[in-house]
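Enquirer: The following file, upload_0.cif, comprises mmCIF, C-alpha atoms and all ligand atoms:
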```cif
data_input
loop_
_atom_site.label_atom_id
_atom_site.label_comp_id
_atom_site.auth_asym_id
_atom_site.auth_seq_id
_atom_site.Cartn_x
_atom_site.Cartn_y
_atom_site.Cartn_z
CA MET R 1 65.42 40.96 99.65
CA LEU R 2 63.79 37.58 100.29
CA TYR R 3 64.42 35.11 97.46
CA ARG R 4 61.86 32.49 96.55
CA PHE R 5 63.90 30.06 94.49
CA SER R 6 63.39 26.32 94.41
CA ILE R 7 66.78 24.74 95.00
CA GLU R 8 67.81 21.09 95.02
CA ALA R 9 71.29 20.03 95.98
CA PHE R 10 73.14 16.74 95.56
CA PRO R 11 76.20 16.88 97.84
CA LEU R 12 78.77 14.15 98.25
CA SER R 13 80.90 15.33 101.15
CA LYS R 14 79.83 16.01 104.73
CA GLU R 15 81.30 19.57 104.49
CA THR R 16 79.14 20.48 101.50
CA GLU R 17 76.09 18.99 103.20
CA GLU R 18 76.73 21.12 106.28
CA SER R 19 77.22 24.29 104.23
CA LEU R 20 73.94 23.60 102.44
CA ALA R 21 72.16 23.15 105.76
CA GLY R 22 73.14 26.74 106.65
CA LEU R 23 71.46 28.19 103.58
CA THR R 24 67.91 28.54 104.91
CA SER R 25 69.06 30.24 108.09
CA HIS R 26 70.22 33.12 105.85
CA ARG R 27 67.39 35.67 105.99
CA GLU R 28 67.45 36.16 102.22
CA PHE R 29 66.98 32.43 101.60
CA SER R 30 64.41 31.82 104.34
CA ARG R 31 61.61 31.66 101.75
CA CYS R 32 63.42 29.35 99.33
CA LYS R 33 62.42 25.72 98.95
CA VAL R 34 65.64 23.81 99.55
CA ALA R 35 65.88 20.02 99.23
CA VAL R 36 69.11 18.13 99.81
CA HIS R 37 69.66 14.61 98.42
CA VAL R 38 73.00 13.02 99.24
CA GLY R 39 74.62 11.22 96.30
CA GLY R 40 76.27 13.79 94.05
CA LEU R 41 75.98 14.23 90.30
CA PRO R 42 75.10 10.56 89.49
CA ARG R 43 72.13 10.69 91.87
CA ALA R 44 70.92 13.97 90.30
CA ALA R 45 70.96 12.45 86.81
CA LYS R 46 68.77 9.60 88.05
CA HIS R 47 66.53 11.82 90.18
CA TYR R 48 65.28 14.04 87.34
CA VAL R 49 64.23 11.12 85.16
CA ASP R 50 60.94 11.19 87.01
CA ASN R 51 60.99 14.35 89.11
CA PRO R 52 60.34 17.94 88.01
CA SER R 53 63.39 20.22 87.88
CA PRO R 54 63.72 23.09 90.39
CA GLN R 55 65.08 26.50 89.36
CA VAL R 56 68.56 25.81 90.74
CA ILE R 57 70.38 22.47 90.89
CA LEU R 58 73.65 22.07 92.79
CA VAL R 59 75.64 18.95 92.09
CA GLU R 60 78.88 17.80 93.66
CA ASP R 61 81.34 15.48 91.96
CA GLU R 62 84.73 14.23 93.05
CA GLY R 63 85.84 12.92 89.63
CA GLY R 64 88.09 14.42 86.95
CA PRO R 65 86.99 16.71 84.07
CA GLU R 66 85.87 13.79 81.83
CA GLU R 67 83.77 12.25 84.58
CA ILE R 68 82.08 15.55 85.39
CA GLN R 69 81.49 16.11 81.68
CA LYS R 70 79.82 12.72 81.28
CA GLY R 71 77.71 13.22 84.39
CA LEU R 72 76.52 16.60 83.16
CA GLU R 73 75.59 15.19 79.79
CA SER R 74 73.34 12.62 81.49
CA LEU R 75 71.87 15.37 83.65
CA ALA R 76 71.19 17.61 80.65
CA GLU R 77 69.12 14.86 79.08
CA VAL R 78 66.63 14.83 81.95
CA VAL R 79 66.64 18.38 83.30
CA GLU R 80 64.02 20.74 81.92
CA PRO R 81 65.42 23.62 79.84
CA GLY R 82 66.28 26.95 81.46
CA ARG R 83 67.37 25.51 84.83
CA LYS R 84 70.55 26.78 86.51
CA VAL R 85 73.17 24.19 87.34
CA ILE R 86 75.98 24.86 89.81
CA VAL R 87 78.78 22.32 90.01
CA ILE R 88 80.95 21.74 93.08
CA GLY R 89 84.11 19.81 92.27
CA GLY R 90 87.61 19.09 93.39
CA ILE R 91 89.45 20.21 90.24
CA ASN R 92 91.10 23.59 90.64
CA ASP R 93 91.86 24.19 86.99
CA VAL R 94 90.98 27.25 84.94
CA GLN R 95 90.65 25.30 81.67
CA ALA R 96 88.14 22.88 83.17
CA TYR R 97 86.26 25.81 84.70
CA ARG R 98 86.07 27.64 81.36
CA ARG R 99 84.90 24.55 79.54
CA LEU R 100 82.07 23.94 81.99
CA ILE R 101 80.94 27.58 81.91
CA SER R 102 81.02 27.65 78.10
CA GLN R 103 78.77 24.59 78.13
CA GLY R 104 76.16 26.42 80.14
CA VAL R 105 77.00 25.44 83.72
CA SER R 106 76.12 28.57 85.68
CA GLU R 107 78.94 28.35 88.19
CA TYR R 108 81.75 26.01 89.16
CA LEU R 109 82.88 26.06 92.78
CA VAL R 110 86.01 24.36 94.04
CA ALA R 111 85.39 22.31 97.21
CA PRO R 112 85.40 22.90 100.13
CA VAL R 113 82.55 25.43 99.86
CA SER R 114 81.02 27.60 102.59
CA THR R 115 77.35 28.55 102.93
CA GLU R 116 78.34 32.04 101.73
CA ASP R 117 80.01 30.61 98.58
CA ILE R 118 76.84 28.69 97.76
CA ALA R 119 74.57 31.66 98.49
CA ALA R 120 76.66 33.98 96.29
CA ALA R 121 76.70 31.45 93.43
CA ILE R 122 72.91 31.05 93.55
CA VAL R 123 72.25 34.80 93.63
CA GLY R 124 74.76 35.32 90.82
CA CYS R 125 73.22 32.78 88.48
CA MET R 126 69.61 33.80 89.16
CA LYS R 127 70.26 37.37 87.98
CA ASP R 128 68.93 36.87 84.49
CA PRO R 129 69.03 39.52 81.77
CA GLY R 130 65.26 39.31 81.61
CA SER R 131 64.71 39.48 85.35
CA THR R 132 62.77 42.45 86.61
CA PRO R 133 64.60 45.16 88.52
CA ARG R 134 64.10 45.01 92.29
CA GLY R 135 63.60 48.26 94.14
CA ARG R 136 64.98 48.83 97.62
CA VAL R 137 62.40 48.49 100.39
CA ILE R 138 62.89 50.99 103.24
CA SER R 139 60.53 50.74 106.23
CA PHE R 140 59.95 53.29 108.99
CA ILE R 141 58.50 52.32 112.36
CA GLY R 142 58.13 54.40 115.52
CA ALA R 143 59.45 52.93 118.78
CA ARG R 144 56.32 54.53 120.28
CA GLY R 145 53.29 56.27 118.81
CA GLY R 146 53.42 59.91 117.73
CA VAL R 147 57.21 60.22 117.52
CA GLY R 148 57.28 61.58 113.97
CA SER R 149 57.83 58.32 112.07
CA SER R 150 55.22 59.07 109.37
CA THR R 151 56.56 62.60 108.94
CA LEU R 152 60.04 61.20 108.37
CA ALA R 153 58.83 58.43 106.00
CA ALA R 154 56.98 60.91 103.75
CA ASN R 155 59.92 63.32 103.77
CA MET R 156 62.38 60.58 102.86
CA ALA R 157 60.19 59.35 99.98
CA TRP R 158 60.09 62.92 98.65
CA THR R 159 63.83 63.48 99.21
CA LEU R 160 64.76 60.22 97.47
CA VAL R 161 62.85 61.39 94.38
CA ASP R 162 64.36 64.86 94.62
CA LEU R 163 67.91 63.47 94.72
CA THR R 164 67.64 60.61 92.26
CA GLN R 165 64.76 61.52 89.91
CA GLU R 166 63.95 57.81 90.01
CA PRO R 167 60.55 56.24 90.69
CA VAL R 168 59.62 55.92 94.36
CA ILE R 169 56.44 54.37 95.77
CA GLY R 170 55.31 55.31 99.26
CA ILE R 171 53.07 52.75 100.99
CA ASP R 172 51.20 53.88 104.06
CA LEU R 173 50.28 50.82 106.10
CA ASP R 174 48.52 52.82 108.80
CA LEU R 175 45.33 51.62 107.15
CA ASN R 176 42.79 53.71 109.11
CA PHE R 177 44.68 56.78 110.20
CA GLY R 178 47.50 57.06 107.63
CA THR R 179 48.61 60.55 106.67
CA MET R 180 51.11 59.99 103.85
CA ALA R 181 48.69 61.24 101.19
CA LEU R 182 47.42 64.09 103.36
CA SER R 183 50.93 65.30 104.18
CA LEU R 184 51.72 65.42 100.44
CA ASN R 185 48.44 67.19 99.66
CA LEU R 186 47.06 64.19 97.77
CA ASP R 187 43.58 62.72 97.75
CA PRO R 188 43.53 58.94 97.18
CA LYS R 189 40.44 57.63 95.41
CA GLN R 190 40.65 54.23 97.06
CA SER R 191 42.33 53.21 100.29
CA VAL R 192 45.29 50.84 100.12
CA SER R 193 43.42 48.59 102.59
CA GLU R 194 41.03 47.65 99.74
CA ALA R 195 43.97 46.53 97.60
CA LEU R 196 44.96 44.16 100.40
CA THR R 197 41.69 42.24 100.72
CA ASP R 198 42.66 39.48 98.27
CA SER R 199 46.33 38.66 97.79
CA ASP R 200 45.68 36.76 94.52
CA ARG R 201 44.24 39.89 92.89
CA ILE R 202 47.30 42.06 93.57
CA ASP R 203 49.19 42.85 90.39
CA THR R 204 50.71 45.93 88.76
CA VAL R 205 47.40 46.94 87.15
CA LEU R 206 45.61 46.91 90.50
CA VAL R 207 48.46 48.76 92.20
CA GLU R 208 48.40 51.47 89.49
CA ARG R 209 44.68 51.91 90.09
CA PHE R 210 45.18 52.58 93.80
CA MET R 211 48.14 54.92 93.44
CA VAL R 212 48.01 58.70 93.51
CA GLU R 213 50.80 60.64 91.86
CA HIS R 214 52.87 63.41 93.39
CA GLY R 215 54.81 64.51 90.33
CA PRO R 216 56.23 62.14 87.74
CA ASN R 217 58.31 59.99 90.12
CA LEU R 218 56.53 59.81 93.46
CA SER R 219 53.44 57.60 93.76
CA VAL R 220 51.57 56.92 96.96
CA LEU R 221 49.34 54.14 98.24
CA SER R 222 47.54 55.53 101.26
CA THR R 223 44.16 56.31 102.76
CA THR R 224 41.95 59.37 103.10
CA GLY R 225 41.42 58.27 106.71
CA SER R 226 38.49 56.11 107.69
CA LEU R 227 36.92 54.58 110.77
CA LYS R 228 35.70 51.59 108.79
CA GLU R 229 36.42 48.44 110.77
CA LEU R 230 38.96 46.63 108.66
CA THR R 231 39.75 42.96 108.64
CA PRO R 232 43.50 42.84 109.31
CA PRO R 233 45.35 42.19 106.03
CA SER R 234 46.98 38.81 105.60
CA PRO R 235 50.80 38.84 105.82
CA ASP R 236 50.80 37.29 102.33
CA ALA R 237 48.78 40.14 100.84
CA VAL R 238 51.07 42.79 102.35
CA GLU R 239 54.14 40.88 101.20
CA ARG R 240 52.77 40.54 97.69
CA LEU R 241 51.88 44.23 97.49
CA ILE R 242 55.42 45.16 98.48
CA ASP R 243 56.90 42.65 96.01
CA ILE R 244 54.83 44.09 93.17
CA CYS R 245 55.75 47.65 94.14
CA ARG R 246 59.46 46.83 94.18
CA THR R 247 59.21 45.73 90.54
CA MET R 248 57.73 49.14 89.72
CA ALA R 249 60.06 51.53 91.56
CA THR R 250 63.67 52.05 92.56
CA PHE R 251 62.66 52.68 96.17
CA VAL R 252 59.62 51.53 98.12
CA VAL R 253 59.19 53.60 101.28
CA ILE R 254 56.87 52.03 103.84
CA ASP R 255 55.23 53.74 106.77
CA ILE R 256 54.60 50.97 109.32
CA PRO R 257 52.25 51.93 112.15
CA HIS R 258 53.30 51.50 115.78
CA ARG R 259 51.67 48.10 116.17
CA TRP R 260 52.93 44.54 116.59
CA ASN R 261 51.43 41.61 114.70
CA THR R 262 52.44 39.06 112.06
CA TRP R 263 52.11 41.31 109.04
CA VAL R 264 54.12 44.06 110.75
CA SER R 265 56.97 41.72 111.70
CA ASN R 266 56.81 40.07 108.28
CA THR R 267 57.11 43.46 106.57
CA LEU R 268 60.14 44.31 108.69
CA LEU R 269 61.77 41.03 107.64
CA GLN R 270 60.98 41.73 104.00
CA SER R 271 62.60 45.19 104.13
CA ASP R 272 66.10 45.88 102.92
CA GLU R 273 66.40 48.68 105.44
CA VAL R 274 64.48 49.35 108.67
CA ILE R 275 64.49 52.72 110.39
CA VAL R 276 63.39 52.86 114.02
CA VAL R 277 62.26 56.37 114.97
CA ALA R 278 62.35 57.23 118.67
CA SER R 279 61.88 60.25 120.88
CA PRO R 280 64.44 60.62 123.65
CA ASP R 281 62.53 59.27 126.65
CA LEU R 282 62.61 56.08 128.69
CA ALA R 283 59.57 54.35 127.13
CA ASN R 284 60.98 54.97 123.63
CA LEU R 285 64.35 53.62 124.73
CA ARG R 286 62.74 50.46 126.13
CA ASP R 287 60.71 49.80 122.98
CA ALA R 288 63.55 50.70 120.62
CA LYS R 289 65.64 48.17 122.54
CA GLN R 290 62.95 45.51 122.04
CA LEU R 291 62.84 46.23 118.32
CA PHE R 292 66.63 46.14 117.98
CA GLU R 293 66.85 42.87 119.91
CA TRP R 294 64.10 41.30 117.82
CA HIS R 295 65.95 42.36 114.66
CA LYS R 296 69.18 40.91 115.96
CA SER R 297 67.55 37.54 116.59
CA ARG R 298 65.75 37.49 113.22
CA ARG R 299 67.98 39.45 110.84
CA GLY R 300 71.46 38.91 112.26
CA THR R 301 73.80 41.68 111.21
CA ALA R 302 71.13 43.64 109.28
CA THR R 303 70.82 46.18 112.12
CA PRO R 304 68.11 48.86 111.83
CA LYS R 305 69.05 52.52 111.63
CA LEU R 306 68.09 54.68 114.58
CA VAL R 307 66.60 58.17 114.18
CA LEU R 308 66.00 60.40 117.17
CA SER R 309 63.01 62.64 116.60
CA LYS R 310 61.55 65.55 118.55
CA ALA R 311 64.90 65.73 120.28
CA ASP R 312 65.42 68.58 122.76
CA ALA R 313 61.69 69.03 123.38
CA ALA R 314 62.16 68.32 127.09
CA LYS R 315 65.58 69.95 127.26
CA ARG R 316 67.52 68.74 130.29
CA ASN R 317 65.02 66.04 131.32
CA GLN R 318 65.34 64.01 128.17
CA LEU R 319 67.70 61.15 127.44
CA SER R 320 70.73 61.81 125.26
CA ALA R 321 71.89 60.29 121.97
CA LYS R 322 74.62 58.62 124.05
CA ASP R 323 72.04 56.92 126.30
CA PHE R 324 70.52 55.38 123.16
CA GLN R 325 73.89 54.45 121.73
CA ASP R 326 74.99 52.79 124.99
CA THR R 327 71.78 50.74 125.19
CA LEU R 328 71.27 49.85 121.52
CA GLY R 329 74.89 49.73 120.40
CA VAL R 330 74.04 52.02 117.48
CA ALA R 331 74.54 55.76 117.16
CA PRO R 332 71.58 57.72 115.75
CA SER R 333 71.91 58.18 111.98
CA LEU R 334 69.84 61.34 112.21
CA ASN R 335 68.84 63.65 115.04
CA ILE R 336 65.71 65.68 114.31
CA GLY R 337 65.09 68.61 116.65
CA PHE R 338 61.68 69.49 118.04
CA ASP R 339 60.18 72.25 115.91
CA ALA R 340 56.42 72.43 116.39
CA THR R 341 56.01 75.60 114.29
CA LEU R 342 57.88 74.24 111.28
CA PHE R 343 56.06 70.89 111.21
CA ALA R 344 52.61 72.36 111.90
CA GLN R 345 53.09 74.85 109.07
CA LEU R 346 54.32 72.21 106.61
CA ALA R 347 51.54 69.79 107.60
CA ASN R 348 48.89 72.46 107.08
CA ASN R 349 50.29 73.30 103.65
CA GLY R 350 50.68 69.64 102.60
CA GLN R 351 54.39 70.20 102.02
CA MET R 352 57.61 68.38 102.71
CA VAL R 353 60.65 70.09 104.28
CA GLY R 354 62.38 70.25 100.88
CA GLU R 355 59.37 72.05 99.38
CA GLY R 356 58.31 74.47 102.12
CA ALA R 357 61.60 74.97 103.97
CA ARG R 358 64.32 74.22 101.43
CA ASN R 359 66.88 76.35 103.24
CA HIS R 360 66.18 74.86 106.66
CA LYS R 361 69.13 72.83 107.96
CA LEU R 362 66.82 69.82 108.27
CA ASN R 363 66.55 69.66 104.49
CA GLU R 364 70.30 69.05 104.22
CA GLN R 365 70.09 66.46 107.06
CA PHE R 366 67.33 64.63 105.16
CA ARG R 367 69.40 64.68 101.97
CA GLN R 368 72.42 63.23 103.77
CA PHE R 369 70.23 60.55 105.34
CA ALA R 370 68.77 59.69 101.92
CA PHE R 371 72.34 58.98 100.72
CA GLN R 372 72.74 56.58 103.65
CA LEU R 373 69.56 54.85 102.48
CA GLY R 374 71.03 54.27 99.04
CA ALA R 375 70.14 57.40 97.06
CA ARG R 376 72.21 57.26 93.91
CA LYS R 377 71.55 56.61 90.28
CA GLY R 378 70.81 53.07 89.06
CA VAL R 379 70.08 51.19 92.29
CA ALA R 380 67.87 48.62 90.53
CA THR R 381 70.06 46.57 88.23
CA ARG R 382 69.63 44.12 85.42
CA ALA R 383 72.28 41.46 85.34
CA GLY R 384 74.47 40.22 82.50
CA LYS R 385 73.98 37.33 80.13
CA THR R 386 74.66 33.72 81.08
CA PRO R 387 74.66 30.78 78.68
CA LYS R 388 71.90 28.16 78.94
CA PHE R 389 72.76 24.85 80.64
CA MET R 390 74.14 22.48 78.02
CA SER R 391 72.32 24.52 75.37
CA TRP R 392 74.35 22.76 72.67
CA LEU R 393 72.53 19.52 73.52
CA LYS R 394 69.11 21.08 72.91
CA ARG R 395 67.38 18.00 74.24
CA PRO R 396 63.98 18.62 75.78
CA LYS R 397 62.91 16.34 78.63
CA ALA R 398 61.52 13.06 77.32
CA SER R 399 57.81 12.77 78.04
N1 LIG R 401 60.55 66.99 114.83
C1 LIG R 401 59.29 67.36 115.11
N2 LIG R 401 59.05 68.44 115.89
C2 LIG R 401 57.79 68.79 116.18
N3 LIG R 401 56.71 68.17 115.73
C3 LIG R 401 56.86 67.11 114.94
C4 LIG R 401 58.17 66.63 114.58
N4 LIG R 401 58.03 65.55 113.78
C5 LIG R 401 56.72 65.35 113.65
N5 LIG R 401 56.02 66.28 114.34
C6 LIG R 401 54.57 66.36 114.47
O1 LIG R 401 54.19 65.35 115.38
C7 LIG R 401 52.91 64.82 115.03
C8 LIG R 401 53.02 63.30 114.89
O2 LIG R 401 53.89 63.01 113.80
P1 LIG R 401 53.74 61.68 112.95
O3 LIG R 401 52.33 61.48 112.54
O4 LIG R 401 54.78 61.75 111.92
O5 LIG R 401 54.16 60.64 114.06
P2 LIG R 401 54.01 59.03 114.02
O6 LIG R 401 55.17 58.51 114.77
O7 LIG R 401 53.82 58.57 112.65
O8 LIG R 401 52.66 58.86 114.86
P3 LIG R 401 51.60 57.64 114.82
O9 LIG R 401 52.02 56.77 115.96
O10 LIG R 401 50.31 58.33 115.09
O11 LIG R 401 51.68 56.99 113.51
C9 LIG R 401 52.51 65.52 113.74
O12 LIG R 401 51.64 66.58 114.06
C10 LIG R 401 53.81 66.06 113.19
O13 LIG R 401 53.63 67.22 112.41
MG MG R 402 52.42 57.32 111.79
#
```
I need this file expressed as structure tokens, please.
Ligand SMILES: Nc1ncnc2c1ncn2[C@@H]1O[C@H](COP(=O)(O)OP(=O)(O)OP(=O)(O)O)[C@@H](O)[C@H]1O
Ligand SMILES: [Mg+2]

Expert:
Amino acid sequence: MLYRFSIEAFPLSKETEESLAGLTSHREFSRCKVAVHVGGLPRAAKHYVDNPSPQVILVEDEGGPEEIQKGLESLAEVVEPGRKVIVIGGINDVQAYRRLISQGVSEYLVAPVSTEDIAAAIVGCMKDPGSTPRGRVISFIGARGGVGSSTLAANMAWTLVDLTQEPVIGIDLDLNFGTMALSLNLDPKQSVSEALTDSDRIDTVLVERFMVEHGPNLSVLSTTGSLKELTPPSPDAVERLIDICRTMATFVVIDIPHRWNTWVSNTLLQSDEVIVVASPDLANLRDAKQLFEWHKSRRGTATPKLVLSKADAAKRNQLSAKDFQDTLGVAPSLNIGFDATLFAQLANNGQMVGEGARNHKLNEQFRQFAFQLGARKGVATRAGKTPKFMSWLKRPKAS
């Protein structure tokens, strides 16, 4: 998930300043606005006299409990209501901690703090009781064209619903030639490409209008197929569509076409989970390697999952799962055999494996894979209650 918080920090020590500098290189915080002003709690109290308050304020203080208390009181007088305040201090004392929390400070961290400590504190305090649940975004991309990536994406969307009975939205981003609706025997009234023409217009009402339903829990944004020359969607529009969908469903399953451009790479970055689908040949291995290396440079340890598809079509001439593992450093999470008859029959009937071939061993493989993708009850969570910052003061900002 990419957070979009506005964060301002007022460190005192060099260590805290360095830990703060690491925050925006975390993928999840790459979209946050982070400003750092050296000078600690006293500087913060002065700063907000004539500056608007961000969503999260981090202040460092090296004084004792009374000093911190006084500093926070001055801060509370100038900070707009509803802002989250995280204090970094040198006092390692449970009583002082409890007092600050009871007064509405969102978190108290004992220095020295790491980037991870700061990141965890911010995420923790921004989980409001009223915040909307965030669905898990799972994207499928083929290392090459025609490998079976769309077939897998549609089947996983269906299987996630079948296992969890929770809402799932499938988004087919193959805007001209997408088959998600077709493969589920659905007939979209409007193509998802039309929803992407103006990012400012995208909201839940618009998304509902473009969706077609496959039972009570599976909704699909797709196309009937069209040769209309489309203006490429803006990365912002695609990102917004996904963000809206994740407030509406527990899982958002995205079929990304085998293409490379800014909105494709942006969507991969926005995803919680990326699945690279490859057939066992040399060109697939080369392009899977490129995708894995790109992910490593942009998403660090958030490695994609590898699925081998149409395996054993070429029998002895094909590459093995081990060849892929040796090159990519990742074993395939799923190995789908080549079965032209099965997939042709299902495609012609507009059925998923779990509908038309429930007893086929592939159905069980898909179910196991869905568990790896997070299939369980209650994935989207609402967080617990936190007191308001210095709520007992109840002083609005002086105007
Ligand atoms: N394991 C399989 N064995 C045999 N045929 C398969 C298998 N998986 C998918 N197919 C068939 O291969 C064809 C291409 O599949 P699909 O559209 O899912 O691939 P894709 O990677 O999304 O391709 P594109 O690059 O066109 O988006 C379809 O006819 C599908 O039914
Ligand atoms: Mg496809």

Enquirer: Quick one: residues within 8 Å of stretch 186-198 of chain R, all atoms listed in the file, excluding same-chain residues fewer than 6 positions away - as a compact mmCIF listing (two decimals) with C-alpha atoms, keeping the file's coordinate frame?

Expert:
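Once written, result.txt looks like this:
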```txt
# COMPACT_ATOMS: atom_id res chain seq x y z
CA ASP R 172 51.20 53.88 104.06
CA LEU R 173 50.28 50.82 106.10
CA LEU R 175 45.33 51.62 107.15
CA LEU R 206 45.61 46.91 90.50
CA VAL R 207 48.46 48.76 92.20
CA PHE R 210 45.18 52.58 93.80
CA MET R 211 48.14 54.92 93.44
CA VAL R 212 48.01 58.70 93.51
CA GLU R 213 50.80 60.64 91.86
CA HIS R 214 52.87 63.41 93.39
CA LEU R 221 49.34 54.14 98.24
CA SER R 222 47.54 55.53 101.26
CA THR R 223 44.16 56.31 102.76
CA THR R 224 41.95 59.37 103.10
CA LEU R 230 38.96 46.63 108.66
CA PRO R 233 45.35 42.19 106.03
CA SER R 234 46.98 38.81 105.60
CA ALA R 237 48.78 40.14 100.84
CA VAL R 238 51.07 42.79 102.35
CA LEU R 241 51.88 44.23 97.49
```

Enquirer: Please determine, counting all atoms listed in the file, which residue among R:Leu282, R:Leu291, R:Met180, R:Leu109 has the shortest atom-to-atom distance to ligand LIG 401 (chain R).

Expert: R:Met180

Enquirer: Give one line per residue of chain R that approaches ligand LIG 401 (chain R) to at most 9 Å, naming the two atoms of the closest pair and their distance in Å to one decimal, counting all atoms listed in the file; sort by chain then ascending residue number and deliver it as JSON lines.

Expert:
```
{"residue": "R:Phe140", "atom": "CA", "partner": "R:LIG401", "partner_atom": "O7", "distance": 8.9}
{"residue": "R:Ile141", "atom": "CA", "partner": "R:LIG401", "partner_atom": "O6", "distance": 7.4}
{"residue": "R:Gly142", "atom": "CA", "partner": "R:LIG401", "partner_atom": "O6", "distance": 5.1}
{"residue": "R:Ala143", "atom": "CA", "partner": "R:LIG401", "partner_atom": "O6", "distance": 8.1}
{"residue": "R:Arg144", "atom": "CA", "partner": "R:LIG401", "partner_atom": "O9", "distance": 6.5}
{"residue": "R:Gly145", "atom": "CA", "partner": "R:LIG401", "partner_atom": "O9", "distance": 3.2}
{"residue": "R:Gly146", "atom": "CA", "partner": "R:LIG401", "partner_atom": "O8", "distance": 3.1}
{"residue": "R:Val147", "atom": "CA", "partner": "R:LIG401", "partner_atom": "O6", "distance": 3.8}
{"residue": "R:Gly148", "atom": "CA", "partner": "R:LIG401", "partner_atom": "O4", "distance": 3.2}
{"residue": "R:Ser149", "atom": "CA", "partner": "R:LIG401", "partner_atom": "O6", "distance": 3.8}
{"residue": "R:Ser150", "atom": "CA", "partner": "R:LIG401", "partner_atom": "O7", "distance": 3.6}
{"residue": "R:Thr151", "atom": "CA", "partner": "R:LIG401", "partner_atom": "O4", "distance": 3.6}
{"residue": "R:Leu152", "atom": "CA", "partner": "R:LIG401", "partner_atom": "O4", "distance": 6.4}
{"residue": "R:Ala153", "atom": "CA", "partner": "R:LIG401", "partner_atom": "O4", "distance": 7.9}
{"residue": "R:Ala154", "atom": "CA", "partner": "R:LIG401", "partner_atom": "O4", "distance": 8.5}
{"residue": "R:Asp174", "atom": "CA", "partner": "R:LIG401", "partner_atom": "O11", "distance": 7.0}
{"residue": "R:Phe177", "atom": "CA", "partner": "R:LIG401", "partner_atom": "O10", "distance": 7.6}
{"residue": "R:Gly178", "atom": "CA", "partner": "R:LIG401", "partner_atom": "O11", "distance": 7.2}
{"residue": "R:Thr179", "atom": "CA", "partner": "R:LIG401", "partner_atom": "O3", "distance": 7.0}
{"residue": "R:Met180", "atom": "CA", "partner": "R:LIG401", "partner_atom": "O3", "distance": 8.9}
{"residue": "R:Ser183", "atom": "CA", "partner": "R:LIG401", "partner_atom": "O13", "distance": 8.9}
{"residue": "R:Asp255", "atom": "CA", "partner": "R:LIG401", "partner_atom": "O7", "distance": 7.7}
{"residue": "R:Ile256", "atom": "CA", "partner": "R:LIG401", "partner_atom": "O11", "distance": 7.9}
{"residue": "R:Pro257", "atom": "CA", "partner": "R:LIG401", "partner_atom": "O11", "distance": 5.3}
{"residue": "R:His258", "atom": "CA", "partner": "R:LIG401", "partner_atom": "O9", "distance": 5.4}
{"residue": "R:Arg259", "atom": "CA", "partner": "R:LIG401", "partner_atom": "O9", "distance": 8.7}
{"residue": "R:Val277", "atom": "CA", "partner": "R:LIG401", "partner_atom": "O6", "distance": 7.4}
{"residue": "R:Ala278", "atom": "CA", "partner": "R:LIG401", "partner_atom": "O6", "distance": 8.3}
{"residue": "R:Leu308", "atom": "CA", "partner": "R:LIG401", "partner_atom": "N1", "distance": 8.9}
{"residue": "R:Ser309", "atom": "CA", "partner": "R:LIG401", "partner_atom": "N1", "distance": 5.3}
{"residue": "R:Lys310", "atom": "CA", "partner": "R:LIG401", "partner_atom": "N1", "distance": 4.1}
{"residue": "R:Ala311", "atom": "CA", "partner": "R:LIG401", "partner_atom": "N1", "distance": 7.1}
{"residue": "R:Ala313", "atom": "CA", "partner": "R:LIG401", "partner_atom": "N2", "distance": 8.0}
{"residue": "R:Asn335", "atom": "CA", "partner": "R:LIG401", "partner_atom": "N1", "distance": 8.9}
{"residue": "R:Ile336", "atom": "CA", "partner": "R:LIG401", "partner_atom": "N1", "distance": 5.3}
{"residue": "R:Gly337", "atom": "CA", "partner": "R:LIG401", "partner_atom": "N1", "distance": 5.2}
{"residue": "R:Phe338", "atom": "CA", "partner": "R:LIG401", "partner_atom": "N2", "distance": 3.6}
{"residue": "R:Asp339", "atom": "CA", "partner": "R:LIG401", "partner_atom": "N2", "distance": 4.0}
{"residue": "R:Ala340", "atom": "CA", "partner": "R:LIG401", "partner_atom": "C2", "distance": 3.9}
{"residue": "R:Thr341", "atom": "CA", "partner": "R:LIG401", "partner_atom": "C2", "distance": 7.3}
{"residue": "R:Leu342", "atom": "CA", "partner": "R:LIG401", "partner_atom": "C2", "distance": 7.3}
{"residue": "R:Phe343", "atom": "CA", "partner": "R:LIG401", "partner_atom": "O13", "distance": 4.6}
{"residue": "R:Ala344", "atom": "CA", "partner": "R:LIG401", "partner_atom": "O13", "distance": 5.3}
{"residue": "R:Gln345", "atom": "CA", "partner": "R:LIG401", "partner_atom": "O13", "distance": 8.3}
{"residue": "R:Leu346", "atom": "CA", "partner": "R:LIG401", "partner_atom": "O13", "distance": 7.7}
{"residue": "R:Ala347", "atom": "CA", "partner": "R:LIG401", "partner_atom": "O13", "distance": 5.8}
{"residue": "R:Asn348", "atom": "CA", "partner": "R:LIG401", "partner_atom": "O13", "distance": 8.9}
```

Enquirer: Could you check the closest approach to R:Glu66 for each of R:Ala157, R:Val274, R:Ile118, R:Ile91 and tell me which residue wins, using all atoms listed in the file?

Expert: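 Among R:Ala157, R:Val274, R:Ile118, R:Ile91, it is R:Ile91 that comes nearest to R:Glu66.
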
Enquirer: If we draw a sphere of 7 Å around (57.5, 52.3, 98.6), which residues have at least one atom in it when counting all atoms listed in the file? Please report them as a list in words.

Expert: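 Protein, DNA and RNA residues close to (57.5, 52.3, 98.6): Val137, Val168, Ile169, Gly170, Ile171, Cys245, Phe251, Val252, Val253 and Ile254 of chain R.
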